[in-house]
file coords_9.txt (compact mmCIF, C-alpha atoms)
# COMPACT_ATOMS: atom_id res chain seq x y z
CA GLY X 1 -23.25 8.70 2.32
CA TRP X 2 -23.76 6.91 -0.99
CA HIS X 3 -24.62 10.24 -2.64
CA GLU X 4 -21.35 11.76 -1.39
CA ILE X 5 -19.33 8.79 -2.66
CA LYS X 6 -21.01 8.99 -6.06
CA THR X 7 -20.34 12.73 -6.23
CA VAL X 8 -16.63 12.25 -5.54
CA TYR X 9 -16.43 9.41 -8.07
CA ASN X 10 -18.05 11.52 -10.78
CA ALA X 11 -15.67 14.38 -9.98
CA ALA X 12 -12.66 12.04 -10.07
CA ARG X 13 -13.71 10.77 -13.51
CA GLN X 14 -13.23 14.28 -14.84
CA LYS X 15 -9.61 14.35 -13.64
CA ARG X 16 -7.53 11.68 -15.33
CA VAL X 17 -4.52 11.87 -13.02
CA LEU X 18 -6.63 11.64 -9.87
CA LEU X 19 -8.65 8.69 -11.17
CA ARG X 20 -5.57 6.82 -12.39
CA PHE X 21 -3.84 7.40 -9.08
CA LEU X 22 -6.85 5.99 -7.20
CA CYS X 23 -6.79 2.92 -9.47
CA ALA X 24 -3.07 2.45 -8.78
CA PHE X 25 -3.65 2.97 -5.06
CA PHE X 26 -6.44 0.38 -5.09
CA LEU X 27 -4.24 -2.21 -6.83
CA TYR X 28 -1.17 -1.89 -4.67
CA SER X 29 -3.24 -1.52 -1.49
CA MET X 30 -4.52 -5.05 -2.07
CA GLY X 31 -0.93 -6.16 -1.63
CA VAL X 32 0.14 -3.68 1.08
CA GLN X 33 -2.69 -4.29 3.51
CA THR X 34 -2.81 -8.05 2.94
CA VAL X 35 0.91 -8.64 3.45
CA MET X 36 0.94 -6.31 6.44
CA LEU X 37 -2.02 -7.95 8.16
CA LEU X 38 -1.07 -11.55 7.42
CA ALA X 39 2.68 -11.35 8.01
CA PRO X 40 2.37 -12.74 11.58
CA LEU X 41 0.19 -15.61 10.34
CA PHE X 42 2.75 -16.35 7.61
CA ALA X 43 5.51 -16.36 10.22
CA ASP X 44 3.55 -18.80 12.38
CA LYS X 45 2.55 -21.22 9.66
CA GLU X 46 5.47 -21.14 7.23
CA VAL X 47 8.46 -20.17 9.42
CA GLY X 48 7.38 -21.77 12.70
CA MET X 49 7.59 -18.75 15.00
CA GLY X 50 6.08 -18.85 18.47
CA ALA X 51 3.66 -16.42 20.12
CA ASP X 52 6.40 -14.35 21.77
CA GLU X 53 8.25 -14.06 18.47
CA LEU X 54 5.08 -12.98 16.69
CA ILE X 55 4.66 -10.15 19.21
CA MET X 56 8.19 -9.07 18.37
CA ILE X 57 7.35 -9.11 14.66
CA VAL X 58 4.36 -6.82 15.22
CA LEU X 59 6.49 -4.43 17.28
CA ILE X 60 9.17 -4.37 14.59
CA LEU X 61 6.57 -3.55 11.94
CA GLN X 62 5.11 -0.64 13.89
CA LEU X 63 8.37 0.89 15.11
CA VAL X 64 10.25 0.66 11.83
CA ALA X 65 7.22 2.10 10.02
CA ILE X 66 7.87 5.41 11.80
CA ALA X 67 11.41 5.55 10.46
CA GLY X 68 10.13 4.53 7.03
CA ALA X 69 7.68 7.41 6.92
CA TYR X 70 10.49 9.90 7.64
CA LEU X 71 12.89 8.23 5.18
CA PHE X 72 10.48 8.31 2.27
CA ALA X 73 9.33 11.81 3.14
CA TRP X 74 12.97 12.84 2.71
CA LEU X 75 13.17 10.95 -0.60
CA SER X 76 9.94 12.61 -1.73
CA GLY X 77 11.46 15.99 -0.95
CA ARG X 78 14.44 15.16 -3.14
CA LYS X 79 12.81 13.30 -6.04
CA GLY X 80 9.04 13.83 -5.77
CA ASN X 81 6.15 11.68 -4.54
CA ALA X 82 5.75 9.61 -7.71
CA PHE X 83 9.39 8.55 -7.66
CA ALA X 84 9.29 7.71 -3.94
CA ILE X 85 6.13 5.60 -4.34
CA SER X 86 7.71 3.73 -7.26
CA ILE X 87 10.72 2.88 -5.08
CA THR X 88 8.49 1.54 -2.30
CA LEU X 89 6.59 -0.62 -4.79
CA GLY X 90 9.87 -2.09 -6.02
CA VAL X 91 10.82 -2.96 -2.44
CA TRP X 92 7.39 -4.53 -1.87
CA VAL X 93 7.89 -6.79 -4.88
CA ALA X 94 11.30 -7.81 -3.51
CA ILE X 95 9.71 -8.56 -0.12
CA CYS X 96 7.11 -10.85 -1.70
CA ILE X 97 9.74 -12.74 -3.68
CA THR X 98 12.05 -13.03 -0.66
CA GLY X 99 9.15 -14.18 1.51
CA PHE X 100 8.50 -17.04 -0.88
CA TYR X 101 12.01 -18.39 -0.20
CA THR X 102 12.27 -17.50 3.51
CA VAL X 103 12.57 -20.52 5.81
CA ASP X 104 14.61 -19.30 8.80
CA LYS X 105 13.65 -16.88 11.55
CA ILE X 106 16.60 -14.50 11.19
CA THR X 107 15.76 -13.84 7.54
CA PHE X 108 12.13 -13.26 8.45
CA TYR X 109 13.09 -10.71 11.12
CA MET X 110 15.06 -8.84 8.46
CA LEU X 111 12.11 -9.15 6.09
CA ALA X 112 9.79 -7.75 8.77
CA ALA X 113 12.08 -4.74 9.21
CA ALA X 114 12.04 -4.07 5.46
CA LEU X 115 8.26 -4.52 5.40
CA GLY X 116 7.81 -2.03 8.23
CA MET X 117 10.04 0.47 6.47
CA VAL X 118 8.03 0.50 3.22
CA MET X 119 4.72 0.11 5.06
CA GLY X 120 5.18 3.46 6.79
CA GLY X 121 6.55 5.02 3.62
CA ILE X 122 3.86 3.99 1.18
CA GLN X 123 0.98 4.83 3.52
CA SER X 124 2.19 8.38 4.20
CA LEU X 125 3.18 8.98 0.56
CA SER X 126 -0.11 7.72 -0.83
CA ARG X 127 -2.19 9.88 1.46
CA SER X 128 -0.11 13.00 0.90
CA THR X 129 -0.12 12.49 -2.89
CA TYR X 130 -3.89 12.08 -2.90
CA ALA X 131 -4.23 15.26 -0.81
CA LYS X 132 -2.15 17.13 -3.39
CA LEU X 133 -4.37 15.90 -6.23
CA ILE X 134 -7.63 17.07 -4.66
CA PRO X 135 -8.86 20.16 -6.58
CA ASP X 136 -7.77 23.36 -4.86
CA GLN X 137 -11.24 24.84 -5.07
CA MET X 138 -12.69 21.88 -3.18
CA THR X 139 -13.56 22.84 0.40
CA ASP X 140 -15.28 19.56 1.40
CA THR X 141 -12.16 17.39 1.50
CA ALA X 142 -13.81 15.03 4.02
CA SER X 143 -15.83 13.41 1.21
CA TYR X 144 -12.69 12.89 -0.84
CA PHE X 145 -10.87 11.24 2.04
CA SER X 146 -13.91 9.10 2.81
CA PHE X 147 -13.80 7.86 -0.78
CA TYR X 148 -10.06 7.22 -0.35
CA ASP X 149 -10.65 5.21 2.84
CA ILE X 150 -13.41 3.16 1.25
CA THR X 151 -11.12 2.36 -1.67
CA GLU X 152 -8.54 1.09 0.81
CA LYS X 153 -11.08 -1.00 2.77
CA VAL X 154 -12.40 -2.68 -0.39
CA ALA X 155 -8.79 -3.40 -1.38
CA ILE X 156 -8.23 -5.11 1.99
CA VAL X 157 -11.25 -7.37 1.47
CA LEU X 158 -10.25 -8.38 -2.06
CA GLY X 159 -6.58 -8.72 -1.16
CA THR X 160 -7.12 -11.00 1.81
CA PHE X 161 -9.69 -13.00 -0.16
CA SER X 162 -7.13 -13.51 -2.94
CA TYR X 163 -4.48 -14.50 -0.41
CA GLY X 164 -6.76 -17.09 1.19
CA LEU X 165 -7.99 -18.40 -2.16
CA ILE X 166 -4.45 -18.97 -3.47
CA GLU X 167 -3.55 -20.80 -0.27
CA GLN X 168 -6.62 -23.01 -0.56
CA LEU X 169 -5.91 -23.82 -4.19
CA THR X 170 -2.18 -24.46 -3.78
CA GLY X 171 -1.88 -25.49 -0.12
CA SER X 172 0.84 -22.97 0.70
CA MET X 173 0.95 -19.38 1.94
CA ARG X 174 4.24 -19.00 0.06
CA ASN X 175 2.35 -19.06 -3.22
CA SER X 176 -0.06 -16.48 -1.82
CA MET X 177 2.87 -14.27 -0.84
CA ILE X 178 4.48 -14.28 -4.26
CA PHE X 179 1.07 -13.74 -5.89
CA MET X 180 0.80 -10.46 -3.97
CA ALA X 181 3.73 -9.17 -6.04
CA LEU X 182 1.37 -8.98 -9.02
CA PHE X 183 -0.73 -6.35 -7.27
CA PHE X 184 2.33 -4.18 -6.70
CA ILE X 185 3.49 -4.56 -10.29
CA ALA X 186 0.00 -3.75 -11.61
CA GLY X 187 -0.23 -0.72 -9.31
CA TRP X 188 3.16 0.51 -10.50
CA GLY X 189 2.08 0.12 -14.14
CA VAL X 190 -1.08 2.18 -13.62
CA LEU X 191 0.86 4.77 -11.63
CA ARG X 192 3.34 5.12 -14.49
CA SER X 193 0.49 5.66 -16.97
CA SER X 194 -1.34 8.13 -14.74
CA GLY X 195 0.61 11.19 -15.86
CA LEU X 196 1.54 11.93 -12.26
CA ARG X 197 4.67 13.93 -12.70
CA ALA X 198 7.77 12.81 -10.85
CA GLY X 199 8.28 16.27 -9.46
CA LEU X 200 4.95 16.46 -7.62
CA PRO X 201 5.82 18.55 -4.57
CA PRO X 202 5.97 16.67 -1.26
CA VAL X 203 3.07 17.25 1.11
CA HIS X 204 3.92 17.67 4.78
CA GLY X 205 0.33 17.63 5.99
CA ASP X 206 -2.95 16.26 4.61
CA LYS X 207 -5.71 18.63 3.64
CA GLY X 208 -8.49 18.54 6.13
CA HIS X 209 -6.25 17.18 8.94

call {"tool": "encode", "arguments": {"input": "coords_9.txt", "output": "structure tokens"}}
result
Amino acid sequence: GWHEIKTVYNAARQKRVLLRFLCAFFLYSMGVQTVMLLAPLFADKEVGMGADELIMIVLILQLVAIAGAYLFAWLSGRKGNAFAISITLGVWVAICITGFYTVDKITFYMLAAALGMVMGGIQSLSRSTYAKLIPDQMTDTASYFSFYDITEKVAIVLGTFSYGLIEQLTGSMRNSMIFMALFFIAGWGVLRSSGLRAGLPPVHGDKGH
């Protein structure tokens, strides 16, 4: 397994756009996965929502994510994957900033709907963009997607660690939430410098799936 990962990494180093995209994906995934996983905990601790309301939040996230995937697939078809991902990152930054100031339940429900929308969008766009960047002559796409998944899992660990560390240092999850915006901004910056052209054709199905 380690040999396969190393092989994919060495191959990615030879392709600047692919490597830069993976770096961007790693950075903004630290924010995406952390905010997504800890949103119910934030609602409980900072907004004062009960158990039944937290269940509703989780349902909103999952259901709206389906619509988000379709919406951003449409946007990708019109403007390209790179443009669509950039839009989602901008919305993620807005969510983090809004979350910092959110104190009432109604606003948080609206925030959860927006989060679900971009959650579904950025996950489908990232995977389809990565599939498009895999070399055409490569037949063993499973190794590439394994590397992609490991990148995401490491991002989850570091993202949640950062979230918890900021809360411990400052005493508030609100500070952790707004700190997550830095990951999205950094990811957007690397994506912009990757050379990924805005007109990258949309992918309607992942290679190897």

call {"tool": "residues_around", "arguments": {"input": "coords_9.txt", "residues": "Tyr70 (chain X)", "least_positions_apart": "3", "cutoff": "12 Å", "atoms": "all atoms listed in the file", "output": "VMD selection string"}}
result
chain X and resid 63 to 67 73 to 77 84 117 to 125 204

call {"tool": "atom_distance", "arguments": {"input": "coords_9.txt", "atom1": "CA of Ile60 (chain X)", "atom2": "CA of Gly116 (chain X)"}}
result
6.9 Å

call {"tool": "residues_near_point", "arguments": {"input": "coords_9.txt", "point": "(6.9, -10.2, 2.0)", "cutoff": "7 Å", "atoms": "all atoms listed in the file", "output": "list in words"}}
result
Val35, Trp92, Ile95, Cys96, Ile97, Thr98, Gly99, Leu111, Leu115 and Met177 of chain X

call {"tool": "closest_residue", "arguments": {"input": "coords_9.txt", "among": "X:Ile185, X:Ile85, X:Cys23, X:Ala51", "to": "Ser126 (chain X)", "atoms": "only C-alpha atoms"}}
result
X:Ile85

call {"tool": "closest_residue", "arguments": {"input": "coords_9.txt", "among": "X:Asp136, X:Arg174, X:Ser146, X:Arg20", "to": "Thr7 (chain X)", "atoms": "all atoms listed in the file"}}
result
X:Ser146

call {"tool": "residues_near_point", "arguments": {"input": "coords_9.txt", "point": "(-3.5, -1.0, -9.9)", "cutoff": "7 Å", "atoms": "all atoms listed in the file", "output": "list in words"}}
result
Cys23, Ala24, Phe25, Phe26, Leu27, Tyr28, Phe183, Ala186, Gly187, Trp188 and Val190 of chain X

call {"tool": "write_last_selection", "arguments": {"input": "coords_9.txt", "atoms": "C-alpha atoms", "output": "short mmCIF file (atom, residue, chain, number, x, y, z; two decimals), keeping the file's coordinate frame"}}
result
data_model
loop_
_atom_site.label_atom_id
_atom_site.label_comp_id
_atom_site.auth_asym_id
_atom_site.auth_seq_id
_atom_site.Cartn_x
_atom_site.Cartn_y
_atom_site.Cartn_z
CA CYS X 23 -6.79 2.92 -9.47
CA ALA X 24 -3.07 2.45 -8.78
CA PHE X 25 -3.65 2.97 -5.06
CA PHE X 26 -6.44 0.38 -5.09
CA LEU X 27 -4.24 -2.21 -6.83
CA TYR X 28 -1.17 -1.89 -4.67
CA PHE X 183 -0.73 -6.35 -7.27
CA ALA X 186 0.00 -3.75 -11.61
CA GLY X 187 -0.23 -0.72 -9.31
CA TRP X 188 3.16 0.51 -10.50
CA VAL X 190 -1.08 2.18 -13.62
#

call {"tool": "closest_residue", "arguments": {"input": "coords_9.txt", "among": "X:Ala43, X:Ala82, X:Leu54, X:Leu38", "to": "Gly195 (chain X)", "atoms": "all atoms listed in the file"}}
result
X:Ala82

call {"tool": "atom_distance", "arguments": {"input": "coords_9.txt", "atom1": "CA of Met49 (chain X)", "atom2": "CA of Gly164 (chain X)"}}
result
20.0 Å

call {"tool": "residues_around", "arguments": {"input": "coords_9.txt", "residues": "Ser86 (chain X)", "least_positions_apart": "4", "cutoff": "9 Å", "atoms": "all atoms listed in the file", "output": "PyMOL selection string"}}
result
chain X and resi 81-82+90-91+188+191-192

call {"tool": "closest_residue", "arguments": {"input": "coords_9.txt", "among": "X:Gly189, X:Ile55, X:Leu158, X:Gln168", "to": "Met30 (chain X)", "atoms": "all atoms listed in the file"}}
result
X:Leu158

call {"tool": "atom_distance", "arguments": {"input": "coords_9.txt", "atom1": "CA of Ile5 (chain X)", "atom2": "CA of Ser162 (chain X)"}}
result
25.4 Å

call {"tool": "closest_residue", "arguments": {"input": "coords_9.txt", "among": "X:Ile106, X:Val17, X:Met180, X:Leu37", "to": "Lys132 (chain X)", "atoms": "only C-alpha atoms"}}
result
X:Val17

call {"tool": "closest_residue", "arguments": {"input": "coords_9.txt", "among": "X:Lys105, X:Arg13, X:Arg127, X:Lys153", "to": "Glu53 (chain X)", "atoms": "only C-alpha atoms"}}
result
X:Lys105

call {"tool": "residues_around", "arguments": {"input": "coords_9.txt", "residues": "Lys6 (chain X)", "least_positions_apart": "6", "cutoff": "10 Å", "atoms": "all atoms listed in the file", "output": "number ranges by chain"}}
result
X: 12, 143, 147

call {"tool": "residues_around", "arguments": {"input": "coords_9.txt", "residues": "Glu167 (chain X)", "least_positions_apart": "3", "cutoff": "12 Å", "atoms": "all atoms listed in the file", "output": "ChimeraX atom specification"}}
result
/X:42,45-46,160-164,170-180

call {"tool": "residues_around", "arguments": {"input": "coords_9.txt", "residues": "Pro135 (chain X)", "least_positions_apart": "6", "cutoff": "12 Å", "atoms": "only C-alpha atoms", "output": "list in words"}}
result
Val8, Ala11, Ala12, Gln14, Lys15, Val17, Leu18, Thr141, Tyr144 and Lys207 of chain X

call {"tool": "write_last_selection", "arguments": {"input": "coords_9.txt", "atoms": "C-alpha atoms", "output": "PDB file, keeping the file's coordinate frame"}}
result
ATOM      1  CA  VAL X   8     -16.630  12.250  -5.540  1.00  0.00           C
ATOM      2  CA  ALA X  11     -15.670  14.380  -9.980  1.00  0.00           C
ATOM      3  CA  ALA X  12     -12.660  12.040 -10.070  1.00  0.00           C
ATOM      4  CA  GLN X  14     -13.230  14.280 -14.840  1.00  0.00           C
ATOM      5  CA  LYS X  15      -9.610  14.350 -13.640  1.00  0.00           C
ATOM      6  CA  VAL X  17      -4.520  11.870 -13.020  1.00  0.00           C
ATOM      7  CA  LEU X  18      -6.630  11.640  -9.870  1.00  0.00           C
ATOM      8  CA  THR X 141     -12.160  17.390   1.500  1.00  0.00           C
ATOM      9  CA  TYR X 144     -12.690  12.890  -0.840  1.00  0.00           C
ATOM     10  CA  LYS X 207      -5.710  18.630   3.640  1.00  0.00           C
TER      11      LYS X 207
END

call {"tool": "decode", "arguments": {"input": "coords_9.txt", "residues": "region 67-79 of chain X", "atoms": "N, CA, C and O atoms", "output": "compact mmCIF listing (two decimals), in the first residue's frame"}}
result
# COMPACT_ATOMS: atom_id res chain seq x y z
N ALA X 67 -29.14 18.61 -3.64
CA ALA X 67 -29.46 19.73 -4.54
C ALA X 67 -28.20 20.52 -4.88
O ALA X 67 -28.04 20.97 -6.02
N GLY X 68 -27.30 20.66 -3.92
CA GLY X 68 -26.06 21.39 -4.16
C GLY X 68 -25.19 20.73 -5.21
O GLY X 68 -24.58 21.40 -6.05
N ALA X 69 -25.15 19.40 -5.18
CA ALA X 69 -24.35 18.67 -6.17
C ALA X 69 -24.88 18.93 -7.58
O ALA X 69 -24.10 19.15 -8.52
N TYR X 70 -26.20 18.93 -7.74
CA TYR X 70 -26.80 19.18 -9.05
C TYR X 70 -26.60 20.64 -9.48
O TYR X 70 -26.32 20.92 -10.65
N LEU X 71 -26.76 21.56 -8.52
CA LEU X 71 -26.61 22.98 -8.84
C LEU X 71 -25.21 23.31 -9.34
O LEU X 71 -25.03 23.96 -10.37
N PHE X 72 -24.21 22.81 -8.63
CA PHE X 72 -22.84 23.13 -9.02
C PHE X 72 -22.37 22.32 -10.22
O PHE X 72 -21.44 22.72 -10.92
N ALA X 73 -23.01 21.18 -10.46
CA ALA X 73 -22.73 20.45 -11.70
C ALA X 73 -23.21 21.28 -12.89
O ALA X 73 -22.55 21.35 -13.93
N TRP X 74 -24.37 21.92 -12.72
CA TRP X 74 -24.89 22.80 -13.77
C TRP X 74 -23.96 24.00 -13.98
O TRP X 74 -23.65 24.36 -15.12
N LEU X 75 -23.49 24.58 -12.87
CA LEU X 75 -22.58 25.73 -12.97
C LEU X 75 -21.27 25.31 -13.62
O LEU X 75 -20.70 26.05 -14.44
N SER X 76 -20.80 24.11 -13.30
CA SER X 76 -19.58 23.60 -13.91
C SER X 76 -19.75 23.44 -15.42
O SER X 76 -18.84 23.73 -16.21
N GLY X 77 -20.94 22.99 -15.82
CA GLY X 77 -21.21 22.84 -17.24
C GLY X 77 -21.21 24.15 -17.98
O GLY X 77 -20.89 24.21 -19.17
N ARG X 78 -21.57 25.23 -17.27
CA ARG X 78 -21.61 26.55 -17.89
C ARG X 78 -20.27 27.26 -17.85
O ARG X 78 -19.87 27.92 -18.82
N LYS X 79 -19.56 27.15 -16.73
CA LYS X 79 -18.36 27.96 -16.51
C LYS X 79 -17.08 27.15 -16.28
O LYS X 79 -16.00 27.73 -16.23
